[in-house]
Amino acid sequence: MQKAITATIITLNEEKHIRDVILNVQEICDEVVIVDSFSSDKTCDIAKELGAIVVQQKYLGDGGQKEFCEKYARNDWLLSIDADERFEPEAIEMIGSLDLESTTLDGYSFRRKSFIGKKYIRQWYPDRVVRLYNRTKCSYNTEGEHGAVQTTNFEALDVDMLHYSFDSFGTLVQKADRFAVNLAKVRFKEGKRAQAWDPFLHGFGAFFKGMIAKGGILGGAQEWHVAFASAYNSYMKYVIMLEMAENEKNEKKNA
């Protein structure tokens, strides 16, 4: 069932996931390229044992690292997947049925079912992402906190990916803190500025979106945990932006 598709995966200490994700994509892809950010565990050894091409590269950011993968692929069609993701059998079958040689599309998107541990997070669904794309027509952005394939000429496939986002809620909180800081820096660098009411407005907005607009209130306790974490993340992002603006103002005064 393999097709002329290269699976691309960026890694850092992913020995827990790397075997399963490679075996998953090898059902449909005839090549696997790993770009690793100098893992200290057995990630690279396992990948090589399974026949993947392994290249080591200092981390260039999510989009930059994924775009870097492209130069090592022999195929024009790439299937970008993270180590903590898997394609469901229906998605594998759907990809196998696509006529990639004659399509005029740049790519295809998938829905993602995300989990914290074994708990499915309803409010994060469908979280649609373009992951199968033709590198001669489009590519990943290389700026910002999260990478995304830059195209509007894609088809939304009616199939899912599984996304094992976090091992636990503790891991979610740890990464949320780092994400808030990094995203605040990115937005500030882009010239965006926060107002005094933004932390409260966006914090409440994030909670409302998760629980009401996205249906989290219909789920279990985990939905409340995630909604509060999202609200905190959004709140702190704008607090940090306000602080950065104040620091910038003080620096100008003292210059």
# chains A, B, ... in the order shown; residues from 1 in each chain; ligands from 1
>>> residues_around(residues="Gln2 of chain A", least_positions_apart="3", cutoff="12 Å", atoms="only C-alpha atoms", output="NGL selection string")
:A and (5-7 or 24-32 or 92-93 or 95-98)
>>> closest_atom_pairs(of="segment 87-169 of chain A", to="segment 227-230 of chain A", cutoff="12 Å", atoms="only C-alpha atoms", output="Markdown table")
| residue | atom | partner | partner_atom | distance |
| --- | --- | --- | --- | --- |
| A:Ile121 | CA | A:Ala227 | CA | 10.1 |
| A:Arg122 | CA | A:Ala227 | CA | 10.8 |
| A:Gln123 | CA | A:Ala227 | CA | 8.3 |
| A:Trp124 | CA | A:Ala227 | CA | 10.0 |
| A:Phe169 | CA | A:Ala229 | CA | 9.2 |
>>> write_last_selection(atoms="N, CA and C atoms", output="PDB file, in the first residue's frame")
ATOM      1  N   ILE A 121      -9.752  14.819  24.842  1.00  0.00           N
ATOM      2  CA  ILE A 121     -10.122  16.208  25.114  1.00  0.00           C
ATOM      3  C   ILE A 121     -11.046  16.706  24.015  1.00  0.00           C
ATOM      4  N   ARG A 122     -12.324  16.755  24.324  1.00  0.00           N
ATOM      5  CA  ARG A 122     -13.360  17.098  23.355  1.00  0.00           C
ATOM      6  C   ARG A 122     -13.177  18.503  22.779  1.00  0.00           C
ATOM      7  N   GLN A 123     -12.817  19.476  23.642  1.00  0.00           N
ATOM      8  CA  GLN A 123     -12.767  20.877  23.209  1.00  0.00           C
ATOM      9  C   GLN A 123     -11.609  21.167  22.258  1.00  0.00           C
ATOM     10  N   TRP A 124     -10.669  20.261  22.125  1.00  0.00           N
ATOM     11  CA  TRP A 124      -9.561  20.454  21.175  1.00  0.00           C
ATOM     12  C   TRP A 124      -9.872  19.894  19.785  1.00  0.00           C
ATOM     13  N   PHE A 169      -1.557  16.025  33.180  1.00  0.00           N
ATOM     14  CA  PHE A 169      -1.923  17.428  33.323  1.00  0.00           C
ATOM     15  C   PHE A 169      -0.754  18.245  33.861  1.00  0.00           C
TER      16      PHE A 169
END
>>> residues_around(residues="Phe110 of chain A", least_positions_apart="6", cutoff="9 Å", atoms="only C-alpha atoms", output="number ranges by chain")
A: 91, 126-132, 156-161
>>> select_by_dssp(residues="segment 27-163 of chain A", states="alpha helix (DSSP H)", output="ChimeraX atom specification")
/A:43-49,62-69,89-97
>>> select_by_dssp(residues="segment 26-190 of chain A", states="strand (DSSP E)", output="number ranges by chain")
A: 29-36, 53-56, 77-80, 85-87, 107-116, 119-120, 129-134, 154-166
>>> residues_around(residues="Ala196 of chain A", least_positions_apart="2", cutoff="9 Å", atoms="only C-alpha atoms", output="list in words")
Ala194, Asp198, Pro199, Phe200, Tyr238, Val239 and Leu242 of chain A
>>> residues_around(residues="Asn141 of chain A", least_positions_apart="6", cutoff="9 Å", atoms="only C-alpha atoms", output="PyMOL selection string")
chain A and resi 62-64+66-67+147-150
>>> closest_residue(among="A:His146, A:Lys3, A:Lys175, A:His202", to="Leu100 of chain A", atoms="only C-alpha atoms")
A:Lys3
>>> residues_around(residues="Thr11 of chain A", least_positions_apart="3", cutoff="8 Å", atoms="only C-alpha atoms", output="JSON, numbers by chain")
{"A": [14, 34, 35, 36, 37, 39, 43, 82, 83]}
>>> write_last_selection(atoms="N, CA and C atoms", output="mmCIF file, in the first residue's frame")
data_model
loop_
_atom_site.group_PDB
_atom_site.id
_atom_site.type_symbol
_atom_site.label_atom_id
_atom_site.label_comp_id
_atom_site.auth_asym_id
_atom_site.auth_seq_id
_atom_site.Cartn_x
_atom_site.Cartn_y
_atom_site.Cartn_z
ATOM 1 N N GLU A 14 12.563 11.217 21.826
ATOM 2 C CA GLU A 14 11.242 10.638 21.578
ATOM 3 C C GLU A 14 11.280 9.109 21.532
ATOM 4 N N ILE A 34 13.898 11.602 9.472
ATOM 5 C CA ILE A 34 13.886 12.119 10.833
ATOM 6 C C ILE A 34 14.891 13.260 10.921
ATOM 7 N N VAL A 35 14.462 14.414 11.384
ATOM 8 C CA VAL A 35 15.392 15.505 11.696
ATOM 9 C C VAL A 35 15.376 15.654 13.215
ATOM 10 N N ASP A 36 16.490 15.304 13.831
ATOM 11 C CA ASP A 36 16.587 15.201 15.281
ATOM 12 C C ASP A 36 17.413 16.342 15.867
ATOM 13 N N SER A 37 16.943 16.896 16.990
ATOM 14 C CA SER A 37 17.629 18.022 17.640
ATOM 15 C C SER A 37 18.599 17.516 18.711
ATOM 16 N N SER A 39 19.111 14.339 20.227
ATOM 17 C CA SER A 39 18.535 13.580 21.335
ATOM 18 C C SER A 39 19.635 12.892 22.142
ATOM 19 N N THR A 43 16.404 7.610 20.543
ATOM 20 C CA THR A 43 15.546 7.983 19.419
ATOM 21 C C THR A 43 16.197 7.676 18.082
ATOM 22 N N ASP A 82 4.108 14.467 13.779
ATOM 23 C CA ASP A 82 4.894 14.578 15.003
ATOM 24 C C ASP A 82 5.027 13.196 15.643
ATOM 25 N N ALA A 83 6.034 13.046 16.491
ATOM 26 C CA ALA A 83 6.296 11.739 17.098
ATOM 27 C C ALA A 83 5.132 11.262 17.964
#
>>> residues_around(residues="Leu162 of chain A", least_positions_apart="2", cutoff="7 Å", atoms="only C-alpha atoms", output="VMD selection string")
chain A and resid 85 to 88 112 to 114 160 164
